[in-house]
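Novice: Contents of data04.cif (mmCIF, C-alpha atoms and all ligand atoms):
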data_entry
#
loop_
_atom_site.label_atom_id
_atom_site.label_comp_id
_atom_site.auth_asym_id
_atom_site.auth_seq_id
_atom_site.Cartn_x
_atom_site.Cartn_y
_atom_site.Cartn_z
CA MET A 1336 60.08 169.91 85.77
CA VAL A 1337 62.95 172.38 85.65
CA ALA A 1338 63.22 171.81 81.90
CA GLN A 1339 59.50 172.49 81.58
CA ILE A 1340 59.74 175.64 83.66
CA MET A 1341 62.66 176.89 81.62
CA PHE A 1342 60.84 176.03 78.40
CA ILE A 1343 57.85 178.10 79.50
CA TYR A 1344 60.25 180.87 80.60
CA SER A 1345 61.84 180.97 77.18
CA LEU A 1346 58.37 181.46 75.62
CA ASN A 1347 57.04 183.91 78.19
CA ARG A 1348 58.21 187.46 77.67
CA GLY A 1349 56.13 188.93 80.51
CA GLU A 1350 57.57 190.28 83.78
CA ILE A 1351 56.27 187.31 85.73
CA ALA A 1352 58.74 185.02 83.89
CA ASP A 1353 61.57 186.71 85.81
CA HIS A 1354 60.32 185.03 88.99
CA TYR A 1355 60.34 181.47 87.66
CA GLN A 1356 63.52 180.77 89.60
CA SER A 1357 61.38 180.35 92.73
CA LEU A 1358 59.84 177.21 91.16
CA ALA A 1359 63.28 175.82 90.32
CA ILE A 1360 64.35 176.53 93.91
CA MET A 1361 61.37 174.60 95.26
CA ILE A 1362 62.19 171.62 93.06
CA VAL A 1363 65.82 171.57 94.25
CA ILE A 1364 64.73 171.82 97.91
CA TYR A 1365 62.11 169.12 97.38
CA SER A 1366 64.59 166.63 95.92
CA ASN A 1367 67.39 167.37 98.38
CA VAL A 1368 65.42 167.76 101.62
CA ASN A 1369 62.00 166.15 101.25
CA GLN A 1370 63.06 163.18 99.13
CA ARG A 1371 66.31 162.82 101.07
CA LEU A 1372 68.16 161.48 98.05
CA ILE A 1373 71.55 160.08 98.99
CA PHE A 1374 74.11 162.87 98.95
CA ARG A 1375 75.97 161.86 95.80
CA VAL A 1376 72.73 161.63 93.82
CA ALA A 1377 71.45 164.90 95.32
CA LEU A 1378 74.70 166.63 94.37
CA GLY A 1379 74.60 165.34 90.81
CA LEU A 1380 70.95 166.27 90.38
CA THR A 1381 71.46 169.74 91.86
CA LEU A 1382 74.37 170.40 89.49
CA ILE A 1383 72.33 169.27 86.48
CA LEU A 1384 69.24 171.31 87.50
CA THR A 1385 71.29 174.42 88.24
CA ALA A 1386 73.24 174.10 84.99
CA ALA A 1387 70.01 173.58 83.01
CA TYR A 1388 68.43 176.58 84.71
CA LEU A 1389 71.42 178.85 84.09
CA ALA A 1390 71.82 177.62 80.51
CA VAL A 1391 68.36 178.95 79.70
CA LEU A 1392 68.33 181.97 82.04
CA LEU A 1393 71.66 183.59 81.16
CA PRO A 1394 71.19 183.91 77.39
CA GLY A 1395 67.45 184.69 77.97
CA HIS A 1396 65.44 187.91 77.78
CA SER A 1397 65.46 188.96 81.47
CA PRO A 1398 67.29 192.12 82.55
CA PHE A 1399 70.89 191.63 83.66
CA VAL A 1400 70.16 192.35 87.35
CA THR A 1401 67.33 189.80 87.37
CA LYS A 1402 69.65 187.20 85.86
CA ILE A 1403 72.22 187.83 88.58
CA ILE A 1404 69.65 187.71 91.41
CA SER A 1405 67.95 184.57 90.02
CA SER A 1406 71.31 182.83 89.54
CA VAL A 1407 72.43 183.68 93.08
CA LEU A 1408 69.11 182.48 94.52
CA VAL A 1409 69.12 179.16 92.63
CA ILE A 1410 72.79 178.47 93.40
CA SER A 1411 72.30 179.39 97.11
CA ALA A 1412 69.18 177.20 97.36
CA GLY A 1413 71.10 174.32 95.80
CA TYR A 1414 74.06 174.79 98.15
CA LEU A 1415 72.00 175.18 101.33
CA SER A 1416 69.67 172.28 100.58
CA LEU A 1417 72.68 170.09 99.76
CA MET A 1418 74.19 170.97 103.14
CA ALA A 1419 70.90 170.05 104.81
CA ASN A 1420 70.82 166.79 102.85
CA ARG A 1421 74.36 165.96 103.95
CA ARG A 1422 73.64 166.79 107.59
CA MET A 1423 70.53 164.59 107.56
CA GLU A 1424 72.46 161.73 105.98
CA GLN A 1425 75.16 162.04 108.67
CA ASP A 1426 72.51 162.12 111.41
CA VAL A 1427 70.83 158.98 110.06
CA ARG A 1428 74.22 157.22 109.90
CA GLN A 1429 75.06 158.37 113.42
CA ILE A 1430 71.73 157.14 114.79
CA PHE A 1431 72.21 153.79 113.04
CA LEU A 1432 75.74 153.41 114.45
CA THR A 1433 74.65 154.43 117.96
CA ARG A 1434 71.81 151.89 117.90
CA LEU A 1435 74.11 149.18 116.58
CA ARG A 1436 76.72 149.92 119.27
CA ASP A 1437 74.04 149.89 122.01
CA GLN A 1438 72.67 146.61 120.70
CA LEU A 1439 76.15 145.02 120.60
CA ARG A 1440 76.87 146.30 124.11
CA ARG A 1441 73.57 144.93 125.37
CA GLU A 1442 74.14 141.56 123.71
CA GLY A 1443 77.71 141.47 125.04
CA ALA A 1444 76.55 142.28 128.56
CA GLU A 1445 73.81 139.65 128.34
CA ALA A 1446 76.31 137.02 127.15
CA VAL A 1447 78.73 137.91 129.95
CA ALA A 1448 75.92 137.77 132.53
CA LYS A 1449 75.33 134.14 131.55
CA LEU A 1450 78.93 133.10 132.18
CA ASP A 1451 80.61 132.25 135.44
CA ALA A 1452 83.33 134.85 136.01
CA LEU A 1453 85.88 132.43 137.48
CA THR A 1454 85.68 129.39 135.23
CA GLY A 1455 84.15 130.90 132.09
CA LEU A 1456 81.56 128.11 132.05
CA PRO A 1457 77.89 128.99 131.61
CA ASN A 1458 76.16 129.77 134.90
CA ARG A 1459 72.73 128.86 136.23
CA ARG A 1460 71.08 131.67 134.34
CA GLN A 1461 72.25 130.12 131.10
CA LEU A 1462 71.18 126.72 132.40
CA ASP A 1463 67.66 128.02 133.01
CA GLU A 1464 67.46 129.26 129.42
CA THR A 1465 68.81 126.03 127.98
CA VAL A 1466 66.38 124.01 130.10
CA LYS A 1467 63.44 126.14 128.98
CA LYS A 1468 64.45 125.61 125.36
CA ILE A 1469 64.89 121.84 125.69
CA TRP A 1470 61.58 121.36 127.47
CA ALA A 1471 59.79 123.65 125.03
CA GLU A 1472 61.30 122.07 121.91
CA GLY A 1473 61.38 118.46 123.13
CA GLU A 1474 57.61 118.06 122.69
CA GLY A 1475 57.74 115.14 125.08
CA ASP A 1476 60.09 112.82 123.23
CA SER A 1477 63.45 114.15 124.39
CA LEU A 1478 65.73 112.11 126.65
CA VAL A 1479 67.87 114.19 128.98
CA ALA A 1480 70.57 113.20 131.46
CA VAL A 1481 71.95 115.26 134.34
CA VAL A 1482 75.39 114.70 135.87
CA MET A 1483 76.17 116.48 139.14
CA ILE A 1484 79.87 116.78 139.94
CA ASP A 1485 81.28 117.87 143.30
CA ILE A 1486 84.96 118.23 144.17
CA ASP A 1487 85.93 116.02 147.11
CA HIS A 1488 87.17 117.67 150.29
CA PHE A 1489 87.52 121.02 148.60
CA LYS A 1490 87.33 122.86 151.90
CA LEU A 1491 90.42 120.97 153.01
CA PHE A 1492 92.07 121.86 149.68
CA ASN A 1493 91.47 125.56 150.33
CA ASP A 1494 92.67 125.18 153.91
CA ARG A 1495 95.85 123.46 152.81
CA TYR A 1496 96.77 125.34 149.60
CA GLY A 1497 94.88 128.63 149.94
CA HIS A 1498 92.00 130.22 148.10
CA VAL A 1499 94.01 131.30 145.07
CA ALA A 1500 95.13 127.71 144.46
CA GLY A 1501 91.50 126.72 145.07
CA ASP A 1502 90.37 129.05 142.30
CA THR A 1503 93.01 127.67 139.94
CA CYS A 1504 91.86 124.16 140.78
CA LEU A 1505 88.24 125.09 139.99
CA LYS A 1506 89.30 126.52 136.62
CA ARG A 1507 91.25 123.39 135.72
CA VAL A 1508 88.42 121.09 136.77
CA ALA A 1509 85.97 123.21 134.74
CA GLY A 1510 88.28 122.96 131.72
CA ALA A 1511 88.53 119.19 132.07
CA ILE A 1512 84.74 118.85 132.23
CA ALA A 1513 84.25 121.07 129.19
CA THR A 1514 86.78 119.15 127.09
CA GLU A 1515 84.98 115.89 127.77
CA LEU A 1516 81.75 117.09 126.18
CA ARG A 1517 81.67 115.93 122.59
CA ASN A 1518 78.19 116.98 121.58
CA MET A 1519 77.40 120.58 120.66
CA ASP A 1520 74.12 120.39 122.59
CA ASP A 1521 75.72 119.28 125.86
CA VAL A 1522 76.20 121.97 128.46
CA ALA A 1523 78.53 122.12 131.46
CA VAL A 1524 77.49 124.65 134.08
CA ARG A 1525 79.14 125.89 137.26
CA TYR A 1526 76.21 125.10 139.52
CA GLY A 1527 77.60 126.32 142.84
CA GLY A 1528 80.92 126.85 144.62
CA GLU A 1529 82.71 123.58 143.77
CA GLU A 1530 79.77 121.92 142.09
CA PHE A 1531 79.24 121.48 138.39
CA LEU A 1532 76.26 120.25 136.43
CA VAL A 1533 76.38 118.65 133.01
CA LEU A 1534 73.24 118.48 130.91
CA LEU A 1535 73.32 115.85 128.19
CA GLN A 1536 70.70 115.73 125.46
CA GLN A 1537 69.40 112.54 123.84
CA THR A 1538 71.40 110.53 126.33
CA ASP A 1539 70.20 107.57 128.39
CA GLN A 1540 71.39 106.53 131.84
CA SER A 1541 74.11 104.09 130.74
CA MET A 1542 75.56 106.52 128.22
CA ALA A 1543 75.47 109.30 130.83
CA VAL A 1544 77.32 107.07 133.30
CA ARG A 1545 80.01 106.42 130.69
CA ILE A 1546 80.41 110.13 130.02
CA ALA A 1547 80.49 110.84 133.77
CA GLU A 1548 83.20 108.21 134.21
CA ARG A 1549 85.20 109.83 131.39
CA ILE A 1550 84.92 113.20 133.15
CA ARG A 1551 85.95 111.66 136.49
CA ARG A 1552 89.05 110.07 134.97
CA GLN A 1553 89.97 113.26 133.13
CA ILE A 1554 89.87 115.23 136.39
CA GLU A 1555 91.93 112.60 138.17
CA LYS A 1556 94.43 112.79 135.29
CA LEU A 1557 94.96 116.48 135.98
CA ALA A 1558 96.83 115.15 139.04
CA ILE A 1559 96.29 118.31 141.08
CA PRO A 1560 98.01 117.53 144.40
CA HIS A 1561 95.62 117.25 147.37
CA GLU A 1562 97.44 115.86 150.38
CA LEU A 1563 94.42 115.97 152.66
CA GLY A 1564 91.91 114.55 150.19
CA GLY A 1565 92.67 110.92 150.85
CA PHE A 1566 93.74 110.03 147.28
CA GLY A 1567 96.77 112.32 146.89
CA VAL A 1568 95.16 114.23 144.01
CA VAL A 1569 91.97 116.18 143.53
CA THR A 1570 89.01 113.87 142.86
CA VAL A 1571 85.34 114.41 142.27
CA SER A 1572 82.17 112.55 143.16
CA LEU A 1573 79.42 112.33 140.60
CA GLY A 1574 75.73 111.51 140.50
CA VAL A 1575 73.77 110.71 137.34
CA THR A 1576 70.07 110.60 136.41
CA ALA A 1577 68.38 110.38 133.05
CA GLY A 1578 64.77 110.57 131.99
CA PRO A 1579 62.40 111.68 129.26
CA THR A 1580 61.35 115.32 129.31
CA ALA A 1581 57.75 114.19 128.97
CA THR A 1582 57.69 112.66 132.44
CA HIS A 1583 60.52 114.45 134.25
CA CYS A 1584 61.07 118.12 134.94
CA ILE A 1585 64.60 119.44 135.41
CA THR A 1586 64.13 119.80 139.18
CA GLU A 1587 63.39 116.09 139.48
CA LEU A 1588 66.41 115.17 137.38
CA ILE A 1589 68.71 117.43 139.40
CA ALA A 1590 67.29 116.07 142.66
CA GLY A 1591 67.89 112.52 141.42
CA ALA A 1592 71.48 113.29 140.40
CA ASP A 1593 72.03 115.06 143.72
CA THR A 1594 70.79 112.07 145.70
CA ALA A 1595 73.08 109.81 143.68
CA LEU A 1596 75.96 112.22 144.27
CA TYR A 1597 75.50 112.22 148.02
CA ALA A 1598 75.19 108.45 148.03
CA ALA A 1599 78.57 108.42 146.27
CA LYS A 1600 79.96 110.79 148.91
CA ARG A 1601 78.61 108.65 151.72
CA GLY A 1602 79.98 105.59 149.97
CA GLY A 1603 83.47 106.90 150.64
CA ARG A 1604 84.03 109.08 147.57
CA ARG A 1605 86.28 106.43 146.00
CA SER A 1606 84.11 103.35 145.51
CA GLY A 1607 80.72 104.92 144.99
CA ARG A 1608 81.59 107.89 142.92
CA LEU A 1609 79.06 107.04 140.28
CA SER A 1610 75.47 106.23 141.04
P1 LIG B 1701 82.79 117.15 150.14
O1 LIG B 1701 83.85 116.18 149.74
O2 LIG B 1701 81.79 116.53 151.07
O3 LIG B 1701 82.16 117.79 148.99
O4 LIG B 1701 83.49 118.26 151.01
P2 LIG B 1701 83.89 119.71 150.54
O5 LIG B 1701 84.91 120.23 151.49
O6 LIG B 1701 84.27 119.71 149.12
O7 LIG B 1701 82.51 120.46 150.67
P3 LIG B 1701 82.09 121.70 151.50
O8 LIG B 1701 80.71 122.05 151.03
O9 LIG B 1701 82.29 121.46 152.96
O10 LIG B 1701 83.09 122.83 151.06
C1 LIG B 1701 83.07 123.42 149.82
C2 LIG B 1701 84.18 124.40 149.76
O11 LIG B 1701 84.27 125.02 148.48
C3 LIG B 1701 84.02 125.52 150.77
C4 LIG B 1701 84.25 126.77 149.97
O12 LIG B 1701 85.16 127.63 150.61
C5 LIG B 1701 84.84 126.26 148.69
N1 LIG B 1701 84.55 127.15 147.56
C6 LIG B 1701 83.32 127.43 147.06
N2 LIG B 1701 83.45 128.30 146.02
C7 LIG B 1701 84.76 128.58 145.89
C8 LIG B 1701 85.51 129.41 145.00
O13 LIG B 1701 84.99 130.09 144.12
N3 LIG B 1701 86.86 129.44 145.15
C9 LIG B 1701 87.48 128.70 146.11
N4 LIG B 1701 88.78 128.76 146.22
N5 LIG B 1701 86.79 127.92 146.99
C10 LIG B 1701 85.45 127.86 146.86
MG MG B 1702 79.57 120.84 147.48
MG MG B 1703 82.79 119.15 147.69
#
Take the structure I supplied and represent it as structure tokens, if you would.
Ligand code: GH3
Ligand code: MG
Ligand code: MG

Specialist:
Amino acid sequence: MVAQIMFIYSLNRGEIADHYQSLAIMIVIYSNVNQRLIFRVALGLTLILTAAYLAVLLPGHSPFVTKIISSVLVISAGYLSLMANRRMEQDVRQIFLTRLRDQLRREGAEAVAKLDALTGLPNRRQLDETVKKIWAEGEGDSLVAVVMIDIDHFKLFNDRYGHVAGDTCLKRVAGAIATELRNMDDVAVRYGGEEFLVLLQQTDQSMAVRIAERIRRQIEKLAIPHELGGFGVVTVSLGVTAGPTATHCITELIAGADTALYAAKRGGRRSGRLS
């Protein structure tokens, strides 16, 4: 368009031709501001348009003063619209970065809110989400097992060794539980104070019992001293239930595992640890 304008200018000897620079200015503003070309492209285009304009204007027929004024106007329009283009590009980048940072912060905060602060295990909020997903995706043919784990005589442990040692014990027990989970889909959750829940997918009762026994032995192997616990080291009692998602909701499975757990507790914590 600038080439066309300058071509017409070179043919037109009338006074009106001296004002053609206003059209070139509009084209430069349009490409730099309205089209929002990326800065490098806008800069290159502005240089080419300005050079083309000046190449025709300066040797042309207009009076000297007109040439100076037109040149200054076109160059100023190019410079100012390029500055506007650059500012807009920076603003867009800034908005993008701010949004990205906010999103990452939000996602980070959400992830942290689903973790237990002491043990680093997922908490009940995360459990609720996982449960919703399993029951929604299972379409009735999924087999799920729940293992409830409760540290034996933990109150006595706190009384004997103090709360800080109690916290350390909880962390170590949580770590032992987590390391015993082999399947990516299995989840270990800190369910309450000294209670943990393990959710096993596509696992039947006998398999769940074997996994629970593995967890129990692993915790015993930690050999955390517990003088008042009755066994010399920290032990846990466990309860297991399994069932298809089609006929069991999570509340039923947890209630079943809980009943089994308390039967194990009543059974003396040693002999009936698994039910
Ligand atoms: P049982 O063998 O029947 O399970 O007895 P218990 O003493 O383990 O059970 P009880 O429910 O009487 O006591 C649980 C204790 O767990 C009491 C509470 O102070 C302790 N506890 C709960 N959460 C935490 C925690 O975050 N840190 C520490 N150090 N102790 C905790
Ligand atoms: Mg308890
Ligand atoms: Mg307990």

Novice: I'd like the neighbourhood of A:Ala1446 as a count of residues only, where a residue qualifies if any of its atoms comes within 10 Å (using all atoms listed in the file), though same-chain residues fewer than 5 positions away should be ignored.

Specialist: 4

Novice: Using only C-alpha atoms and all ligand atoms, which residues have at least one atom no more than 6 Å from ligand MG 1703 (chain B)? Output them as a list of chain:residue names.

Specialist: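 With only C-alpha atoms and all ligand atoms and a cut-off of 6 Å, ligand MG 1703 (chain B) is contacted by A:Asp1485, A:Ile1486, A:Asp1487, A:His1488, A:Phe1489, A:Glu1529.
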
Novice: Any chance you could export the current selection's C-alpha atoms as a PDB file, in the coordinates of the input?

Specialist:
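Okay, this is what ended up in result-v5.pdb:
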ATOM      1  CA  ASP A1485      81.280 117.870 143.300  1.00  0.00           C
ATOM      2  CA  ILE A1486      84.960 118.230 144.170  1.00  0.00           C
ATOM      3  CA  ASP A1487      85.930 116.020 147.110  1.00  0.00           C
ATOM      4  CA  HIS A1488      87.170 117.670 150.290  1.00  0.00           C
ATOM      5  CA  PHE A1489      87.520 121.020 148.600  1.00  0.00           C
ATOM      6  CA  GLU A1529      82.710 123.580 143.770  1.00  0.00           C
TER       7      GLU A1529
END

Novice: Neighbouring residues of A:Leu1557 were defined as those with any atom within 10 Å, considering all atoms listed in the file; residues of the same chain fewer than 4 positions away were excluded. Please report them as a VMD selection string.

Specialist: chain A and resid 1504 1507 to 1508 1511 1552 to 1553 1568 to 1570

Novice: Restricting the calculation to only C-alpha atoms: of A:Ile1373, A:Val1337, A:Val1544, A:Leu1596, which residue gets closest to A:Thr1385?

Specialist: A:Val1337

Novice: Which residues are near ligand LIG 1701 (chain B) in this structure, taking near to mean any atom at most 8 Å from a ligand atom and counting all atoms listed in the file? Format them as a list in words.

Specialist: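 Counting all atoms listed in the file, the residues within 8 Å of ligand LIG 1701 (chain B) come out as Leu1453, Asp1485, Ile1486, Asp1487, His1488, Phe1489, Lys1490, Leu1491, Phe1492, Asn1493, Gly1497, His1498, Val1499, Ala1500, Gly1501, Asp1502, Thr1503, Cys1504, Leu1505, Gly1527, Gly1528, Glu1529, Val1571, Ser1572, Lys1600 and Arg1604 of chain A.
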
Novice: Nearest to A:Ile1550: which of A:Ala1595, A:Ala1577, A:Val1522, A:Leu1516 is it, counting all atoms listed in the file?

Specialist: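 Checking each candidate against A:Ile1550, we get A:Leu1516 as the closest.
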
Novice: Skipping near chain neighbours, those fewer than 6 positions away, what residues fall within 6 Å of A:Val1575 using only C-alpha atoms, listed as a list in words?

Specialist: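 What passes the distance filter is Val1481, Val1482 and Ala1592 of chain A.
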
Novice: For atom CA of A:Ala1590 and atom CA of A:Thr1576, quote the distance in Å rounded to one decimal.

Specialist: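 Interatomic distance here is 8.8 Å.
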
Novice: Of the candidates A:Ile1364, A:Cys1584, A:Ile1403, A:Leu1534, which one gets nearest to A:Leu1384 if we count only C-alpha atoms?

Specialist: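 Selected residue with least distance to A:Leu1384: A:Ile1364.
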
Novice: Under the rule that all atoms listed in the file are counted, which of A:Arg1495, A:Lys1449, A:Arg1428, A:Arg1348 is the nearest residue to A:His1561?

Specialist: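 Among A:Arg1495, A:Lys1449, A:Arg1428, A:Arg1348, it is A:Arg1495 that comes nearest to A:His1561.
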
Novice: Go ahead and compute the interatomic distance for atom CA of A:Leu1389 and atom CA of A:Arg1422, in Å to one decimal.

Specialist: 26.5 Å

Novice: Between atom CA of A:Leu1435 and atom CA of A:Asp1463, what is the distance, to one decimal in Å?

Specialist: 27.6 Å

Novice: May I ask which of the residues A:Val1479, A:Met1336, A:Ile1360, A:Leu1573 is the closest one to ligand MG 1702 (chain B), counting only C-alpha atoms and all ligand atoms?

Specialist: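 Once distances to ligand MG 1702 (chain B) are computed over only C-alpha atoms and all ligand atoms, the minimum belongs to A:Leu1573.
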
Novice: Which residue out of A:Thr1594, A:Ile1585, A:Gly1603, A:Gly1578 has the minimum interatomic distance to A:Gly1564 when only C-alpha atoms are used?

Specialist: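 Closest candidate: A:Gly1603.
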
Novice: Leaving out A:Asp1353 and any residue of its chain fewer than 3 positions from it, which residues lie within 7 Å of it when counting all atoms listed in the file, given as a ChimeraX atom specification?

Specialist: /A:1350,1397,1401
